[in-house]
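Worksheet: one structure, shown below.
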Amino acid sequence: MPQLKPSFIKKSFFDVLEDTAENISDFVKSPGKDMIRERDCTFVDTVLITCSFSAKRINTELFDFFSAKKSRIPSKSALTQQRNKLNDKLFPHIFHSFNKKVPFTKIYKGLHLIAIDGSDLNLPTCSTDHTYAIKQARSDGFYYQMHLNAAYDLLEKRYCGMEIQPRPQMNEGKAFRSLVSSYGNPGSALFIADRGYVSCNNIAFLLENRHHFLIRAKAPDSSASFLRHVVTEDSPDDVDVCFYLTRSVKKHYKNPDKYKLLNCQREFLYIPRGDTESLYEMRFRVVRFSIGDGSVEYIVTDLSREAFPSGEIKKLYELRWGIETSFRSLKYALSLTFLHSVKRELIIQEVYAKLIAYNFSSLLHAYAEEWKHYKSRKGLVYKVSFEDVIPIALRFLIVRMSNDTIKALMTRHLTEIREDSHNPRRVRSQTANPLGNRA
């Protein structure tokens, strides 16, 4: 199917902005007062410049944005005042409305492939902030983080949902269930996640609501493994399992292979605390396969063996890496690590704005990929780099360009594909340094 033209993508986005502007009273803190007067920095300009923020200082951002529009440059305080008038509904509304304007149509065997994962974002120091503050291990100081939980369509290469949590109050299981619930009709998507998301609550929630899933689990010999006593090294590589969750110690110790014990104080959605009589049946499939370094991975899924053999399960899980590379692009190519405010509500605006800019850029990248011309020279193959499309997409938001101009700019510089290059992942301990804002 032909990809959407840049002119249509931009028009769809501006249609959302115009519709939002007509209902501006729903998205400001003081309806009937805020955003009703003509100013140098209009409502649309406020949204666009927030989406196009880079790693520069705010005054430089203002100069670049308004000089490109050939209009009067407002002050830094004028922009901040306009952003402070917007309530917390605005940017989520634009994000979801734009996704509805340009629907997600790519499917695999009738399913949308949705990866769910999270990433931490370091925040500027704010001594009055006790919500996002984390005590440093080796000093009396604090650092500040929020946790982004995102749902990402692996075929469309676009974000379709997000939940933001203070890092000290992070609950990825709750965020996972919220993102799955908000997605759409049960059975229309396959939710793919890493081993941090496999839990009794999440699996039971997915089974109960008839959502398809494919989640990595720790090896069963791990003390904290979800699969402990469920499968063993002697089990087949592709096996259907069934066990019962219970709060009864007697049932568990009588048959640990059949009954999985829930801690009496642990929350489980379908058996209340203190209920030692109820049982919850869990049925799913476990697929085991080897990966390149000789280690073994375990996948928990509800997909049928006939439609999705084990080799296909492995390929589907490999696609999950797309959300990891999207976080890298979001933080560095789109400069999410360079924040332009200390105020937490304005930072959340920037996070949503970056997701909107990412989706806009991804749609243009898909168009460029359709029109690219691979150059074979000495056996080399080339592609259109997503990182090279981002600055063109952000410029396209501000100035007029024809479809041919956009196509020429995006396909002008191609990046070599190195299929035989497999660099090992660098695993380093996490650090969080206080950030300066882009004032």
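Convention: chains lettered A, B, ... in structure tokens order; per-chain residue numbering from 1; ligands numbered from 1 as shown.
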Test item: residues at most 12 Å from A:Ser75, only C-alpha atoms, excluding those fewer than 2 positions along its chain, as a list of chain:residue names
A:Arg39, A:Asp40, A:Cys41, A:Ile58, A:Asn59, A:Thr60, A:Glu61, A:Leu62, A:Phe63, A:Phe66, A:Arg72, A:Ile73, A:Ser77, A:Ala78, A:Leu79, A:Thr80, A:Gln81, A:Gln82, A:Ala439
Just to be explicit: take each residue in the selection above, keep N, CA, C and O atoms, and write the result as a PDB file, in the first residue's frame.
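Writing done, so here's selection_9.pdb:
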```
ATOM      1  N   ARG A  39      -1.569  37.233  20.446  1.00  0.00           N
ATOM      2  CA  ARG A  39      -0.229  37.489  20.965  1.00  0.00           C
ATOM      3  C   ARG A  39       0.807  37.089  19.927  1.00  0.00           C
ATOM      4  O   ARG A  39       0.500  36.388  18.960  1.00  0.00           O
ATOM      5  N   ASP A  40       2.053  37.528  20.176  1.00  0.00           N
ATOM      6  CA  ASP A  40       3.133  37.166  19.254  1.00  0.00           C
ATOM      7  C   ASP A  40       3.319  35.653  19.215  1.00  0.00           C
ATOM      8  O   ASP A  40       3.614  35.065  18.168  1.00  0.00           O
ATOM      9  N   CYS A  41       3.161  35.003  20.363  1.00  0.00           N
ATOM     10  CA  CYS A  41       3.273  33.545  20.450  1.00  0.00           C
ATOM     11  C   CYS A  41       1.861  32.982  20.588  1.00  0.00           C
ATOM     12  O   CYS A  41       1.285  32.953  21.682  1.00  0.00           O
ATOM     13  N   ILE A  58      16.559  28.365  25.193  1.00  0.00           N
ATOM     14  CA  ILE A  58      15.220  28.787  24.790  1.00  0.00           C
ATOM     15  C   ILE A  58      15.276  30.004  23.870  1.00  0.00           C
ATOM     16  O   ILE A  58      14.542  30.068  22.870  1.00  0.00           O
ATOM     17  N   ASN A  59      16.136  30.965  24.153  1.00  0.00           N
ATOM     18  CA  ASN A  59      16.221  32.148  23.286  1.00  0.00           C
ATOM     19  C   ASN A  59      16.645  31.770  21.872  1.00  0.00           C
ATOM     20  O   ASN A  59      16.166  32.341  20.888  1.00  0.00           O
ATOM     21  N   THR A  60      17.556  30.813  21.757  1.00  0.00           N
ATOM     22  CA  THR A  60      17.979  30.344  20.436  1.00  0.00           C
ATOM     23  C   THR A  60      16.852  29.583  19.749  1.00  0.00           C
ATOM     24  O   THR A  60      16.641  29.727  18.533  1.00  0.00           O
ATOM     25  N   GLU A  61      16.115  28.783  20.520  1.00  0.00           N
ATOM     26  CA  GLU A  61      14.959  28.067  19.957  1.00  0.00           C
ATOM     27  C   GLU A  61      13.940  29.064  19.412  1.00  0.00           C
ATOM     28  O   GLU A  61      13.392  28.875  18.312  1.00  0.00           O
ATOM     29  N   LEU A  62      13.660  30.105  20.155  1.00  0.00           N
ATOM     30  CA  LEU A  62      12.707  31.132  19.720  1.00  0.00           C
ATOM     31  C   LEU A  62      13.184  31.822  18.450  1.00  0.00           C
ATOM     32  O   LEU A  62      12.405  32.048  17.516  1.00  0.00           O
ATOM     33  N   PHE A  63      14.474  32.134  18.408  1.00  0.00           N
ATOM     34  CA  PHE A  63      15.018  32.796  17.217  1.00  0.00           C
ATOM     35  C   PHE A  63      14.894  31.895  15.992  1.00  0.00           C
ATOM     36  O   PHE A  63      14.442  32.328  14.925  1.00  0.00           O
ATOM     37  N   PHE A  66      10.888  31.413  15.037  1.00  0.00           N
ATOM     38  CA  PHE A  66      10.135  32.564  14.516  1.00  0.00           C
ATOM     39  C   PHE A  66      10.836  33.243  13.349  1.00  0.00           C
ATOM     40  O   PHE A  66      10.177  33.857  12.508  1.00  0.00           O
ATOM     41  N   ARG A  72       7.599  38.187  14.162  1.00  0.00           N
ATOM     42  CA  ARG A  72       8.218  38.821  15.322  1.00  0.00           C
ATOM     43  C   ARG A  72       8.574  37.770  16.376  1.00  0.00           C
ATOM     44  O   ARG A  72       7.803  36.854  16.633  1.00  0.00           O
ATOM     45  N   ILE A  73       9.757  37.926  16.985  1.00  0.00           N
ATOM     46  CA  ILE A  73      10.242  36.944  17.958  1.00  0.00           C
ATOM     47  C   ILE A  73       9.797  37.349  19.357  1.00  0.00           C
ATOM     48  O   ILE A  73      10.192  38.403  19.859  1.00  0.00           O
ATOM     49  N   SER A  77       9.996  34.803  28.414  1.00  0.00           N
ATOM     50  CA  SER A  77       8.936  34.813  29.413  1.00  0.00           C
ATOM     51  C   SER A  77       7.558  34.714  28.766  1.00  0.00           C
ATOM     52  O   SER A  77       6.633  34.107  29.334  1.00  0.00           O
ATOM     53  N   ALA A  78       7.400  35.276  27.553  1.00  0.00           N
ATOM     54  CA  ALA A  78       6.113  35.181  26.854  1.00  0.00           C
ATOM     55  C   ALA A  78       5.785  33.732  26.511  1.00  0.00           C
ATOM     56  O   ALA A  78       4.640  33.288  26.658  1.00  0.00           O
ATOM     57  N   LEU A  79       6.793  32.988  26.056  1.00  0.00           N
ATOM     58  CA  LEU A  79       6.578  31.573  25.752  1.00  0.00           C
ATOM     59  C   LEU A  79       6.235  30.799  27.019  1.00  0.00           C
ATOM     60  O   LEU A  79       5.309  29.967  27.024  1.00  0.00           O
ATOM     61  N   THR A  80       6.977  31.059  28.104  1.00  0.00           N
ATOM     62  CA  THR A  80       6.723  30.351  29.357  1.00  0.00           C
ATOM     63  C   THR A  80       5.320  30.635  29.873  1.00  0.00           C
ATOM     64  O   THR A  80       4.615  29.731  30.356  1.00  0.00           O
ATOM     65  N   GLN A  81       4.875  31.897  29.771  1.00  0.00           N
ATOM     66  CA  GLN A  81       3.518  32.242  30.206  1.00  0.00           C
ATOM     67  C   GLN A  81       2.471  31.497  29.386  1.00  0.00           C
ATOM     68  O   GLN A  81       1.472  31.008  29.939  1.00  0.00           O
ATOM     69  N   GLN A  82       2.677  31.383  28.075  1.00  0.00           N
ATOM     70  CA  GLN A  82       1.733  30.668  27.222  1.00  0.00           C
ATOM     71  C   GLN A  82       1.687  29.181  27.578  1.00  0.00           C
ATOM     72  O   GLN A  82       0.617  28.582  27.648  1.00  0.00           O
ATOM     73  N   ALA A 439      17.524  27.061  29.704  1.00  0.00           N
ATOM     74  CA  ALA A 439      17.176  28.479  29.822  1.00  0.00           C
ATOM     75  C   ALA A 439      18.209  29.365  29.156  1.00  0.00           C
ATOM     76  O   ALA A 439      17.888  30.445  28.718  1.00  0.00           O
TER      77      ALA A 439
END
```
Can you list every residue in stretch 147-263 of chain A that DSSP puts in helix (DSSP H, G or I), as a PyMOL selection string?
chain A and resi 167-169+172-183+195-197+200-208+249-254
Dump as an mmCIF file, in the first residue's frame, selection limited to N, CA and C atoms:
```
data_model
loop_
_atom_site.group_PDB
_atom_site.id
_atom_site.type_symbol
_atom_site.label_atom_id
_atom_site.label_comp_id
_atom_site.auth_asym_id
_atom_site.auth_seq_id
_atom_site.Cartn_x
_atom_site.Cartn_y
_atom_site.Cartn_z
ATOM 1 N N ARG A 167 9.527 8.244 39.445
ATOM 2 C CA ARG A 167 10.393 7.070 39.580
ATOM 3 C C ARG A 167 10.290 6.418 40.967
ATOM 4 N N PRO A 168 10.180 7.176 42.064
ATOM 5 C CA PRO A 168 10.048 6.508 43.372
ATOM 6 C C PRO A 168 8.732 5.731 43.513
ATOM 7 N N GLN A 169 7.717 6.080 42.741
ATOM 8 C CA GLN A 169 6.413 5.405 42.814
ATOM 9 C C GLN A 169 6.165 4.515 41.589
ATOM 10 N N GLU A 172 5.464 -0.676 37.064
ATOM 11 C CA GLU A 172 5.371 -1.023 35.648
ATOM 12 C C GLU A 172 4.223 -1.983 35.361
ATOM 13 N N GLY A 173 3.878 -2.832 36.327
ATOM 14 C CA GLY A 173 2.760 -3.751 36.128
ATOM 15 C C GLY A 173 1.449 -3.005 35.961
ATOM 16 N N LYS A 174 1.210 -2.017 36.810
ATOM 17 C CA LYS A 174 -0.007 -1.214 36.728
ATOM 18 C C LYS A 174 -0.038 -0.422 35.427
ATOM 19 N N ALA A 175 1.123 0.153 35.046
ATOM 20 C CA ALA A 175 1.189 0.907 33.799
ATOM 21 C C ALA A 175 0.959 -0.002 32.598
ATOM 22 N N PHE A 176 1.495 -1.213 32.655
ATOM 23 C CA PHE A 176 1.299 -2.186 31.573
ATOM 24 C C PHE A 176 -0.184 -2.466 31.376
ATOM 25 N N ARG A 177 -0.892 -2.741 32.454
ATOM 26 C CA ARG A 177 -2.317 -3.053 32.346
ATOM 27 C C ARG A 177 -3.122 -1.850 31.859
ATOM 28 N N SER A 178 -2.722 -0.666 32.279
ATOM 29 C CA SER A 178 -3.400 0.545 31.821
ATOM 30 C C SER A 178 -3.215 0.762 30.323
ATOM 31 N N LEU A 179 -1.984 0.557 29.826
ATOM 32 C CA LEU A 179 -1.711 0.726 28.397
ATOM 33 C C LEU A 179 -2.448 -0.319 27.568
ATOM 34 N N VAL A 180 -2.492 -1.549 28.050
ATOM 35 C CA VAL A 180 -3.221 -2.602 27.332
ATOM 36 C C VAL A 180 -4.714 -2.288 27.298
ATOM 37 N N SER A 181 -5.264 -1.835 28.432
ATOM 38 C CA SER A 181 -6.695 -1.539 28.510
ATOM 39 C C SER A 181 -7.103 -0.408 27.582
ATOM 40 N N SER A 182 -6.217 0.561 27.431
ATOM 41 C CA SER A 182 -6.560 1.733 26.618
ATOM 42 C C SER A 182 -6.335 1.514 25.128
ATOM 43 N N TYR A 183 -5.774 0.350 24.766
ATOM 44 C CA TYR A 183 -5.410 0.170 23.358
ATOM 45 C C TYR A 183 -6.614 0.020 22.451
ATOM 46 N N ARG A 195 11.150 -9.307 30.229
ATOM 47 C CA ARG A 195 10.879 -10.140 31.407
ATOM 48 C C ARG A 195 10.440 -9.350 32.636
ATOM 49 N N GLY A 196 10.648 -8.028 32.650
ATOM 50 C CA GLY A 196 10.187 -7.236 33.785
ATOM 51 C C GLY A 196 8.672 -7.156 33.884
ATOM 52 N N TYR A 197 7.973 -7.575 32.845
ATOM 53 C CA TYR A 197 6.513 -7.455 32.810
ATOM 54 C C TYR A 197 5.790 -8.778 33.017
ATOM 55 N N CYS A 200 2.129 -12.670 37.802
ATOM 56 C CA CYS A 200 0.814 -13.324 37.933
ATOM 57 C C CYS A 200 -0.305 -12.361 37.589
ATOM 58 N N ASN A 201 -0.210 -11.115 38.067
ATOM 59 C CA ASN A 201 -1.253 -10.135 37.786
ATOM 60 C C ASN A 201 -1.378 -9.837 36.305
ATOM 61 N N ASN A 202 -0.240 -9.606 35.649
ATOM 62 C CA ASN A 202 -0.275 -9.237 34.237
ATOM 63 C C ASN A 202 -0.766 -10.386 33.359
ATOM 64 N N ILE A 203 -0.266 -11.589 33.599
ATOM 65 C CA ILE A 203 -0.687 -12.731 32.783
ATOM 66 C C ILE A 203 -2.172 -13.028 32.999
ATOM 67 N N ALA A 204 -2.615 -13.000 34.253
ATOM 68 C CA ALA A 204 -4.033 -13.240 34.539
ATOM 69 C C ALA A 204 -4.905 -12.157 33.905
ATOM 70 N N PHE A 205 -4.460 -10.909 33.971
ATOM 71 C CA PHE A 205 -5.204 -9.801 33.350
ATOM 72 C C PHE A 205 -5.329 -10.004 31.845
ATOM 73 N N LEU A 206 -4.245 -10.401 31.196
ATOM 74 C CA LEU A 206 -4.271 -10.627 29.745
ATOM 75 C C LEU A 206 -5.191 -11.790 29.384
ATOM 76 N N LEU A 207 -5.091 -12.870 30.151
ATOM 77 C CA LEU A 207 -5.950 -14.031 29.878
ATOM 78 C C LEU A 207 -7.419 -13.703 30.122
ATOM 79 N N GLU A 208 -7.684 -13.001 31.207
ATOM 80 C CA GLU A 208 -9.060 -12.684 31.583
ATOM 81 C C GLU A 208 -9.734 -11.776 30.548
ATOM 82 N N VAL A 249 -1.409 -22.423 51.802
ATOM 83 C CA VAL A 249 -0.083 -23.030 51.968
ATOM 84 C C VAL A 249 -0.185 -24.547 51.862
ATOM 85 N N LYS A 250 -1.265 -25.108 52.399
ATOM 86 C CA LYS A 250 -1.448 -26.553 52.393
ATOM 87 C C LYS A 250 -1.512 -27.093 50.963
ATOM 88 N N LYS A 251 -2.286 -26.443 50.092
ATOM 89 C CA LYS A 251 -2.408 -26.915 48.711
ATOM 90 C C LYS A 251 -1.061 -26.822 47.994
ATOM 91 N N HIS A 252 -0.337 -25.739 48.227
ATOM 92 C CA HIS A 252 0.936 -25.526 47.546
ATOM 93 C C HIS A 252 1.949 -26.602 47.908
ATOM 94 N N TYR A 253 2.162 -26.831 49.192
ATOM 95 C CA TYR A 253 3.196 -27.789 49.610
ATOM 96 C C TYR A 253 2.796 -29.227 49.322
ATOM 97 N N LYS A 254 1.500 -29.458 49.181
ATOM 98 C CA LYS A 254 1.047 -30.797 48.831
ATOM 99 C C LYS A 254 1.388 -31.138 47.394
#
```
Measure the distance from atom CA of A:Phe308 to atom CA of A:Phe226 in Å and round it to one decimal.
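Distance reported for this atom pair: 22.5 Å.
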So, counting only C-alpha atoms, which residue among A:Leu111, A:Val231, A:Ala333, A:Leu261 is closest to A:Leu394?
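Ranking A:Leu111, A:Val231, A:Ala333, A:Leu261 by distance to A:Leu394, first place goes to A:Ala333.
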Backbone-only DSSP, strand (DSSP E or B) members of stretch 146-295 of chain A, as a ChimeraX atom specification:
/A:146-153,158-166,189-193,212-217,238-246,259-261,280-290
Nearby residues (only C-alpha atoms) at most 9 Å from A:Ile134, same-chain spacing under 6 positions excluded, as number ranges by chain
A: 141-145, 167-168
Interface rows for stretch 59-155 of chain A against stretch 2-14 of chain A: nearest pair, Å to one decimal, 9 Å, only C-alpha atoms, as JSON lines:
```
{"residue": "A:Ile94", "atom": "CA", "partner": "A:Phe13", "partner_atom": "CA", "distance": 8.5}
{"residue": "A:Ser97", "atom": "CA", "partner": "A:Phe13", "partner_atom": "CA", "distance": 8.7}
{"residue": "A:Phe98", "atom": "CA", "partner": "A:Phe13", "partner_atom": "CA", "distance": 5.9}
{"residue": "A:Lys101", "atom": "CA", "partner": "A:Ser12", "partner_atom": "CA", "distance": 6.2}
{"residue": "A:Val102", "atom": "CA", "partner": "A:Ser12", "partner_atom": "CA", "distance": 7.3}
```
For stretch 314-330 of chain A, work out the shell of residues within 10 Å, counting only C-alpha atoms and skipping chain neighbours fewer than 2 positions away, then give it as a PyMOL selection string.
chain A and resi 108+113-120+148+150-155+157-159+190-194+214-216+287-291+297-299+308-312+332-337+351+354-355+357-358+386-387+390
How close does stretch 277-366 of chain A get to stretch 125-132 of chain A? List, as JSON lines, each residue of stretch 277-366 of chain A within 10 Å, its nearest atom pair and the distance in Å to one decimal, counting only C-alpha atoms.
```
{"residue": "A:Val342", "atom": "CA", "partner": "A:Cys126", "partner_atom": "CA", "distance": 7.0}
{"residue": "A:Lys343", "atom": "CA", "partner": "A:Cys126", "partner_atom": "CA", "distance": 8.4}
{"residue": "A:Arg344", "atom": "CA", "partner": "A:Asp129", "partner_atom": "CA", "distance": 8.8}
```
Take the residues that were just selected and, keeping C-alpha atoms, output them as a PDB file, in the first residue's frame.
```pdb
ATOM      1  CA  VAL A 342      12.398  22.862  35.749  1.00  0.00           C
ATOM      2  CA  LYS A 343       8.642  22.836  36.358  1.00  0.00           C
ATOM      3  CA  ARG A 344       7.413  19.227  36.246  1.00  0.00           C
TER       4      ARG A 344
END
```
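If you measure from each of A:Arg400, A:Ser71, A:Thr411, A:Phe95 to A:Glu370 using only C-alpha atoms, the closest one turns out to be A:Thr411.
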Would you list the contacts of A:Asn263 as a ChimeraX atom specification, taking every protein, DNA or RNA residue within 9 Å and counting only C-alpha atoms, but skipping same-chain residues closer than 6 positions in sequence?
/A:246-247,273
For A:Cys264, find every residue with an atom within 9 Å (counting only C-alpha atoms), except residues of its own chain fewer than 2 positions away, and show them as JSON, numbers by chain.
{"A": [247, 248, 261, 262, 266, 267, 273, 274, 275, 276]}
State, in Å with one decimal place, the distance from atom CA of A:Ala366 to atom CA of A:Lys56.
27.7 Å
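The neighbours of A:Ala68 here are the residues that come within 9 Å of it, using only C-alpha atoms and leaving out any residue fewer than 6 positions away in the same chain; they are Arg395, Ile398 and Val399 of chain A.
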Output N, CA and C atoms of each residue in that selection to a file, as an mmCIF file, in the first residue's frame.
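Saved as again.cif:
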```cif
data_model
loop_
_atom_site.group_PDB
_atom_site.id
_atom_site.type_symbol
_atom_site.label_atom_id
_atom_site.label_comp_id
_atom_site.auth_asym_id
_atom_site.auth_seq_id
_atom_site.Cartn_x
_atom_site.Cartn_y
_atom_site.Cartn_z
ATOM 1 N N ARG A 395 11.583 20.811 10.618
ATOM 2 C CA ARG A 395 11.573 22.020 9.779
ATOM 3 C C ARG A 395 10.286 22.100 8.971
ATOM 4 N N ILE A 398 7.348 23.801 10.447
ATOM 5 C CA ILE A 398 7.389 25.262 10.557
ATOM 6 C C ILE A 398 7.209 25.947 9.208
ATOM 7 N N VAL A 399 7.859 25.432 8.166
ATOM 8 C CA VAL A 399 7.852 26.108 6.861
ATOM 9 C C VAL A 399 7.171 25.238 5.812
#
```
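If only C-alpha atoms are the atoms counted, then among A:Leu123, A:Leu414, A:Leu245, A:Ile313 the closest residue to A:Met282 is A:Leu245.
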A:Arg57 proximity check over A:Arg285, A:Lys76, A:Asp388, A:Asn149, using only C-alpha atoms: winner is A:Lys76
